[in-house]
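Colleague: Enclosed is the structure file structure.cif (mmCIF, C-alpha atoms).
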data_input
loop_
_atom_site.label_atom_id
_atom_site.label_comp_id
_atom_site.auth_asym_id
_atom_site.auth_seq_id
_atom_site.Cartn_x
_atom_site.Cartn_y
_atom_site.Cartn_z
CA MET A 381 8.95 -25.25 46.32
CA THR A 382 11.42 -26.06 49.09
CA THR A 383 10.06 -26.20 52.60
CA LEU A 384 11.75 -24.05 55.19
CA ALA A 385 12.26 -27.21 57.24
CA ALA A 386 14.77 -28.48 54.66
CA LEU A 387 17.03 -25.44 54.83
CA GLU A 388 20.18 -25.35 56.93
CA LYS A 389 22.05 -22.64 58.80
CA GLY A 390 23.85 -20.36 56.40
CA TYR A 391 21.34 -20.74 53.59
CA GLU A 392 20.88 -17.51 51.67
CA PHE A 393 17.48 -16.91 50.11
CA PRO A 394 17.45 -15.62 46.53
CA PRO A 395 17.27 -11.82 46.54
CA ALA A 396 13.81 -10.41 45.93
CA SER A 397 12.62 -7.04 44.68
CA PHE A 398 9.38 -5.24 45.45
CA ASP A 399 7.71 -2.11 44.17
CA LEU A 400 5.64 -0.44 46.86
CA SER A 401 2.62 0.22 44.69
CA GLU A 402 -0.21 2.43 45.90
CA GLU A 403 -2.55 -0.54 45.49
CA TRP A 404 -0.46 -2.85 47.67
CA VAL A 405 0.19 -0.26 50.38
CA ASP A 406 -3.51 0.63 50.48
CA ALA A 407 -4.42 -3.06 50.84
CA TYR A 408 -1.89 -3.47 53.63
CA VAL A 409 -2.98 -0.35 55.53
CA ALA A 410 -6.62 -1.42 55.21
CA SER A 411 -5.84 -4.90 56.51
CA VAL A 412 -4.15 -3.56 59.64
CA GLU A 413 -6.50 -0.55 60.05
CA ASP A 414 -3.58 1.80 60.63
CA GLU A 415 -5.15 5.13 61.57
CA ALA A 416 -1.85 6.67 62.68
CA MET A 417 -0.33 6.37 59.22
CA ALA A 418 -3.37 8.02 57.70
CA ALA A 419 -3.03 10.89 60.18
CA LEU A 420 0.69 11.25 59.47
CA GLY A 421 0.28 11.62 55.70
CA GLY A 422 3.34 12.21 53.54
CA GLY A 423 3.00 9.05 51.52
CA PHE A 424 4.91 7.03 54.07
CA VAL A 425 4.74 3.25 54.25
CA PRO A 426 4.10 1.62 57.65
CA LEU A 427 7.19 0.01 59.11
CA MET A 428 5.53 -3.34 59.56
CA ALA A 429 4.56 -3.34 55.89
CA ILE A 430 8.26 -3.31 55.08
CA ALA A 431 8.85 -6.13 57.52
CA ALA A 432 5.92 -8.05 56.02
CA LEU A 433 7.49 -7.66 52.58
CA ALA A 434 10.75 -9.07 53.87
CA ILE A 435 8.98 -12.10 55.27
CA ARG A 436 6.99 -12.44 52.05
CA ALA A 437 10.30 -12.73 50.21
CA LEU A 438 11.03 -15.87 52.20
CA LEU A 439 7.66 -17.33 51.35
CA GLU A 440 8.18 -16.83 47.62
CA HIS A 441 11.05 -19.30 47.68
CA SER A 442 10.19 -21.67 50.49
CA SER A 443 6.97 -22.85 52.06
CA LEU A 444 6.41 -22.75 55.77
CA PRO A 445 5.94 -26.13 57.44
CA PRO A 446 2.30 -26.40 58.56
CA GLY A 447 1.86 -24.96 62.00
CA THR A 448 4.92 -22.73 61.87
CA LEU A 449 4.91 -20.18 64.68
CA HIS A 450 6.46 -16.72 64.76
CA ALA A 451 8.24 -16.75 68.10
CA GLY A 452 10.03 -13.43 68.04
CA GLN A 453 10.99 -10.45 65.93
CA GLU A 454 13.74 -7.85 66.00
CA LEU A 455 13.59 -4.89 63.63
CA ALA A 456 15.68 -1.76 63.12
CA PHE A 457 14.75 0.95 60.64
CA ALA A 458 17.17 3.50 59.19
CA ALA A 459 15.01 5.72 57.00
CA PRO A 460 11.37 6.34 56.15
CA VAL A 461 10.05 4.59 53.05
CA ARG A 462 7.45 6.11 50.77
CA ARG A 463 4.89 4.73 48.40
CA GLY A 464 6.17 4.05 44.90
CA GLU A 465 9.70 3.22 45.98
CA ALA A 466 11.48 0.00 45.03
CA LEU A 467 13.08 -2.21 47.66
CA THR A 468 15.26 -5.29 47.61
CA VAL A 469 15.23 -7.99 50.25
CA ALA A 470 18.05 -10.28 51.30
CA ALA A 471 17.68 -13.01 53.89
CA ARG A 472 19.72 -15.82 55.33
CA ILE A 473 19.27 -18.49 57.95
CA ALA A 474 21.46 -17.30 60.79
CA SER A 475 20.71 -20.04 63.29
CA ARG A 476 18.95 -23.36 63.52
CA GLY A 477 18.52 -25.55 66.56
CA GLU A 478 16.14 -28.05 68.11
CA ARG A 479 14.44 -28.08 71.49
CA ALA A 480 11.68 -30.33 72.80
CA GLY A 481 10.67 -31.55 69.38
CA TRP A 482 10.61 -28.13 67.78
CA VAL A 483 13.02 -26.43 65.41
CA LEU A 484 13.99 -22.87 66.33
CA MET A 485 15.21 -20.97 63.27
CA GLY A 486 16.61 -17.45 63.19
CA VAL A 487 16.35 -15.66 59.85
CA GLU A 488 18.26 -12.42 59.28
CA LEU A 489 16.56 -9.90 57.03
CA ARG A 490 17.89 -6.87 55.19
CA VAL A 491 15.74 -4.53 53.13
CA ALA A 492 17.51 -1.95 51.00
CA ARG A 493 16.69 1.00 48.78
CA ASP A 494 19.29 1.80 46.14
CA GLY A 495 21.68 -0.50 47.95
CA LEU A 496 21.37 1.22 51.33
CA ALA A 497 19.65 -0.62 54.17
CA VAL A 498 16.36 0.84 55.32
CA MET A 499 15.55 -2.13 57.57
CA THR A 500 17.49 -4.92 59.19
CA GLY A 501 16.04 -7.55 61.44
CA ARG A 502 15.78 -11.07 62.62
CA ALA A 503 12.72 -13.32 62.68
CA THR A 504 12.63 -16.30 65.02
CA LEU A 505 10.43 -19.09 63.68
CA SER A 506 9.46 -22.38 65.28
CA PHE A 507 8.04 -25.53 63.72
CA PRO A 508 7.80 -29.23 64.60
CA VAL A 509 10.93 -31.32 64.01
CA ALA A 510 8.82 -33.92 62.20
CA GLU A 511 6.94 -31.61 59.85
CA GLY A 512 3.24 -31.70 60.57
CA ALA A 513 3.56 -34.29 63.31
CA ALA A 514 3.07 -32.11 66.35
CA VAL A 515 0.19 -29.94 65.22
CA MET B 215 -4.81 10.27 67.61
CA THR B 216 -1.29 11.29 66.58
CA GLN B 217 0.59 12.55 69.61
CA GLN B 218 4.16 13.30 68.46
CA THR B 219 5.08 15.42 71.46
CA SER B 220 8.09 14.95 73.69
CA LEU B 221 7.47 12.14 76.12
CA ALA B 222 9.31 12.00 79.42
CA ALA B 223 10.33 8.86 81.27
CA GLY B 224 7.27 7.25 82.77
CA ALA B 225 4.88 8.69 80.22
CA ALA B 226 2.28 6.34 78.78
CA LEU B 227 2.05 5.84 75.04
CA PRO B 228 -1.37 6.32 73.39
CA THR B 229 -3.12 2.97 73.44
CA VAL B 230 -4.45 1.29 70.28
CA THR B 231 -7.39 -1.11 70.51
CA LYS B 232 -8.52 -3.44 67.73
CA THR B 233 -10.85 -6.41 67.49
CA ILE B 234 -9.55 -9.40 65.57
CA THR B 235 -11.86 -11.13 63.11
CA GLN B 236 -11.26 -13.99 60.68
CA GLU B 237 -12.00 -11.55 57.86
CA LYS B 238 -9.20 -9.27 59.07
CA ILE B 239 -6.82 -12.23 59.32
CA ASN B 240 -7.73 -13.28 55.78
CA ALA B 241 -7.22 -9.74 54.48
CA TYR B 242 -3.81 -9.59 56.14
CA ALA B 243 -2.90 -12.99 54.68
CA ARG B 244 -3.71 -11.70 51.19
CA ALA B 245 -1.80 -8.44 51.65
CA GLY B 246 1.16 -10.03 53.38
CA GLY B 247 1.33 -13.09 51.14
CA ASP B 248 1.27 -15.42 54.14
CA SER B 249 -1.46 -18.01 53.77
CA ASN B 250 -0.17 -20.38 56.45
CA PRO B 251 -3.24 -22.55 57.13
CA LEU B 252 -2.82 -21.98 60.85
CA HIS B 253 -4.17 -18.49 60.13
CA THR B 254 -6.62 -19.05 57.31
CA ASP B 255 -7.89 -22.64 57.35
CA PRO B 256 -10.26 -23.30 60.27
CA ALA B 257 -10.35 -27.04 59.58
CA PHE B 258 -6.56 -27.32 59.64
CA ALA B 259 -6.21 -24.99 62.62
CA ALA B 260 -8.80 -26.99 64.59
CA ARG B 261 -6.41 -29.95 64.55
CA THR B 262 -3.49 -27.98 65.97
CA GLN B 263 -2.65 -27.26 69.59
CA PHE B 264 -4.46 -23.94 69.21
CA GLY B 265 -7.80 -25.53 68.36
CA GLY B 266 -8.60 -22.82 65.83
CA THR B 267 -7.13 -20.10 63.69
CA ILE B 268 -4.85 -17.47 65.14
CA ALA B 269 -3.77 -14.08 63.84
CA HIS B 270 -0.40 -13.54 62.20
CA GLY B 271 2.17 -12.28 64.65
CA MET B 272 3.00 -9.48 62.24
CA LEU B 273 -0.64 -8.37 62.22
CA VAL B 274 -0.53 -7.96 65.99
CA LEU B 275 2.83 -6.23 65.67
CA ALA B 276 1.27 -3.78 63.20
CA TYR B 277 -1.00 -2.62 66.03
CA VAL B 278 2.01 -2.05 68.28
CA SER B 279 3.71 -0.11 65.49
CA GLU B 280 0.57 2.01 65.00
CA MET B 281 0.83 3.01 68.65
CA LEU B 282 4.48 4.00 68.18
CA THR B 283 3.66 5.93 65.01
CA ALA B 284 0.99 7.82 66.93
CA ALA B 285 3.47 8.57 69.71
CA PHE B 286 6.57 9.47 67.73
CA GLY B 287 5.42 10.20 64.17
CA GLU B 288 8.09 10.37 61.48
CA ASP B 289 10.84 9.79 64.05
CA TRP B 290 9.49 6.28 64.48
CA LEU B 291 9.55 5.69 60.75
CA ALA B 292 13.10 7.02 60.45
CA SER B 293 14.78 5.37 63.40
CA GLY B 294 12.46 2.86 65.07
CA ARG B 295 13.82 -0.25 66.70
CA LEU B 296 11.64 -3.02 68.04
CA LYS B 297 12.42 -6.30 69.77
CA VAL B 298 9.48 -8.46 70.81
CA ARG B 299 8.47 -11.96 71.78
CA PHE B 300 5.17 -13.44 70.71
CA ARG B 301 3.94 -15.00 73.95
CA ALA B 302 0.40 -16.14 73.16
CA PRO B 303 -1.84 -16.21 70.10
CA ALA B 304 -4.51 -13.69 69.15
CA ARG B 305 -7.73 -15.34 68.06
CA PRO B 306 -10.76 -14.20 66.07
CA GLY B 307 -13.06 -12.38 68.48
CA ASP B 308 -10.24 -11.10 70.68
CA THR B 309 -10.05 -7.41 71.44
CA LEU B 310 -6.41 -6.40 71.58
CA THR B 311 -4.99 -3.36 73.31
CA SER B 312 -1.46 -2.21 72.60
CA SER B 313 0.13 -0.10 75.29
CA GLY B 314 3.50 1.06 76.43
CA LYS B 315 5.45 3.53 78.48
CA VAL B 316 8.67 5.46 78.16
CA THR B 317 11.36 3.92 80.32
CA SER B 318 14.18 6.35 79.62
CA VAL B 319 15.15 9.38 77.56
CA ASP B 320 18.87 9.78 77.08
CA GLY B 321 20.82 11.73 74.49
CA GLY B 322 17.91 11.97 72.10
CA LYS B 323 17.15 8.27 72.36
CA THR B 324 13.84 7.25 73.86
CA LEU B 325 13.37 3.70 75.14
CA CYS B 326 9.94 2.19 75.76
CA GLU B 327 8.38 -0.96 77.08
CA VAL B 328 5.59 -2.17 74.80
CA GLU B 329 3.02 -4.92 75.00
CA CYS B 330 -0.24 -6.11 73.54
CA ARG B 331 -2.90 -7.80 75.67
CA ASN B 332 -6.22 -9.41 74.92
CA GLU B 333 -9.47 -8.55 76.69
CA SER B 334 -8.63 -11.04 79.46
CA GLY B 335 -5.40 -9.23 80.22
CA GLU B 336 -3.23 -11.99 78.79
CA VAL B 337 0.02 -10.66 77.35
CA LEU B 338 0.29 -11.69 73.70
CA VAL B 339 3.31 -9.62 72.71
CA SER B 340 5.90 -7.92 74.87
CA GLY B 341 9.18 -6.22 74.24
CA GLU B 342 11.12 -3.03 73.86
CA ALA B 343 11.09 -0.18 71.39
CA ALA B 344 13.58 2.60 70.79
CA VAL B 345 13.39 5.78 68.76
CA SER B 346 15.86 8.59 68.15
CA ARG B 347 14.51 12.13 68.12
#
Kindly transcribe the structure held in the file into structure tokens.
Modeller:
Amino acid sequence: MTTLAALEKGYEFPPASFDLSEEWVDAYVASVEDEAMAALGGGFVPLMAIAALAIRALLEHSSLPPGTLHAGQELAFAAPVRRGEALTVAARIASRGERAGWVLMGVELRVARDGLAVMTGRATLSFPVAEGAAV
Amino acid sequence: MTQQTSLAAGAALPTVTKTITQEKINAYARAGGDSNPLHTDPAFAARTQFGGTIAHGMLVLAYVSEMLTAAFGEDWLASGRLKVRFRAPARPGDTLTSSGKVTSVDGGKTLCEVECRNESGEVLVSGEAAVSR
């Protein structure tokens, strides 16, 4: 598996598909103890579960350098998502730079349902220039 | 807990408080598919600048999103926007409180400041949220 540290600006991750199974959503909601979603009902999926899926798509094709930090996150949602729906994830490295011995990488994310975006966003990740050397 | 009423500028969002444990971090790692050893391997994490495991940023952000779901309900799910910086790590044993306030309401768009602090008052996450109603 390729490490994220080896990928350059412009790299497009292979598209990934996810089915939002009841089992997975239940496990996610339990792990974050989301009481508001339980109160809302309607079979909706928490927004951060969708974002977590998008990030998981990256991790299926590239490993994070040890000690990688999540420095920032931008997310925009266009429609509610419900349990049982199928989503596709596309991601690309939009920026990559170095500062003080750390790589700063911006990864653009797009999650779609039937081709229409339900979430777009950008994750900013940081990891040591010499993988594993600084942590 | 769910509020979902109209909030005017200056109104506080309903706070959400959670205590982080290693078990919760491990459960999130399994659900989210992110087993970065910084989160799940105490021996590895002890050798990093953090000196121990830390929670996933997206786990902390889930608490912020829970607050916004409680405040805005389905509107948050349909139109939420969030921009945050992760400023400090959340560690096992920390009690985190997510809070926020409405900064403006204009043309059906509500803007909020949001943050998450630990029990010492240290800001771990801060940023802005927007929702259309």
Colleague: Can you work out which residues from chain B touch chain A at a cut-off of 6 Å (counting only C-alpha atoms) and hand them back as JSON, numbers by chain?
Modeller: {"B": [241, 242, 245, 246, 247, 252, 262, 263, 276, 280, 284, 291, 292, 293, 294, 295, 296, 297, 298, 299, 300]}
Colleague: Can you tell me how far atom CA of Cys326 of chain B sits from atom CA of Ala343 of chain B, in Å to one decimal?
Modeller: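 Between atom CA of Cys326 of chain B and atom CA of Ala343 of chain B the gap works out to 5.1 Å.
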Colleague: Do you know which residues lie at most 7 Å from (2.9, 3.5, 46.5), with coordinates as in the file and only C-alpha atoms counted, and could you write them as an mmCIF file with C-alpha atoms, keeping the file's coordinate frame?
Modeller:
data_model
loop_
_atom_site.group_PDB
_atom_site.id
_atom_site.type_symbol
_atom_site.label_atom_id
_atom_site.label_comp_id
_atom_site.auth_asym_id
_atom_site.auth_seq_id
_atom_site.Cartn_x
_atom_site.Cartn_y
_atom_site.Cartn_z
ATOM 1 C CA LEU A 400 5.640 -0.440 46.860
ATOM 2 C CA SER A 401 2.620 0.220 44.690
ATOM 3 C CA GLU A 402 -0.210 2.430 45.900
ATOM 4 C CA GLU A 403 -2.550 -0.540 45.490
ATOM 5 C CA VAL A 405 0.190 -0.260 50.380
ATOM 6 C CA ARG A 462 7.450 6.110 50.770
ATOM 7 C CA ARG A 463 4.890 4.730 48.400
ATOM 8 C CA GLY A 464 6.170 4.050 44.900
ATOM 9 C CA GLU A 465 9.700 3.220 45.980
#
Colleague: Which distance in Å separates atom CA of Ala497 of chain A and atom CA of Leu467 of chain A, to one decimal?
Modeller: 9.4 Å
Colleague: How far is it from atom CA of Ser346 of chain B to atom CA of Arg493 of chain A, in Å with one decimal?
Modeller: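 Value for the atom CA of Ser346 of chain B-atom CA of Arg493 of chain A distance: 20.8 Å.
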Colleague: Do you know which residues the PyMOL selection byres ((chain B and resi 223-231) around 8) returns on this file, as an MDAnalysis selection string?
Modeller: chainID B and resid 215 217 221:222 232:233 277:278 280:282 284:285 309:319
Colleague: Taking 5 positions as the minimum chain separation for residues in the same chain, which residues sit within 8 Å of Pro394 of chain A when counting all atoms listed in the file? Answer as a PyMOL selection string.
Modeller: chain A and resi 441+470-471
Colleague: Where does the PyMOL selection byres ((chain A and resi 391) around 10) land in this file, that is, which residues does it pick, as an NGL selection string?
Modeller: :A and (387-390 or 392-394 or 471-475 or 487)
Colleague: Okay, now the selection with C-alpha atoms, as an mmCIF file, keeping the file's coordinate frame?
Modeller:
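The result, written out as selection_18.cif:
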data_model
loop_
_atom_site.group_PDB
_atom_site.id
_atom_site.type_symbol
_atom_site.label_atom_id
_atom_site.label_comp_id
_atom_site.auth_asym_id
_atom_site.auth_seq_id
_atom_site.Cartn_x
_atom_site.Cartn_y
_atom_site.Cartn_z
ATOM 1 C CA LEU A 387 17.030 -25.440 54.830
ATOM 2 C CA GLU A 388 20.180 -25.350 56.930
ATOM 3 C CA LYS A 389 22.050 -22.640 58.800
ATOM 4 C CA GLY A 390 23.850 -20.360 56.400
ATOM 5 C CA GLU A 392 20.880 -17.510 51.670
ATOM 6 C CA PHE A 393 17.480 -16.910 50.110
ATOM 7 C CA PRO A 394 17.450 -15.620 46.530
ATOM 8 C CA ALA A 471 17.680 -13.010 53.890
ATOM 9 C CA ARG A 472 19.720 -15.820 55.330
ATOM 10 C CA ILE A 473 19.270 -18.490 57.950
ATOM 11 C CA ALA A 474 21.460 -17.300 60.790
ATOM 12 C CA SER A 475 20.710 -20.040 63.290
ATOM 13 C CA VAL A 487 16.350 -15.660 59.850
#
Colleague: Where does the PyMOL selection byres ((chain B and resi 234) around 8) land in this file, that is, which residues does it pick, as a list in words?
Modeller: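 Applied to this file, the PyMOL selection byres ((chain B and resi 234) around 8) selects Lys232, Thr233, Thr235, Gln236, Lys238, Ile239, Ala269, Ala304, Arg305, Pro306, Gly307, Asp308, Thr309 and Leu310 of chain B.
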Colleague: If we draw a sphere of 6 Å around (-3.7, -17.8, 60.2), which residues have at least one atom in it when counting all atoms listed in the file? Please report them as a ChimeraX atom specification.
Modeller: /B:250-254,267-270
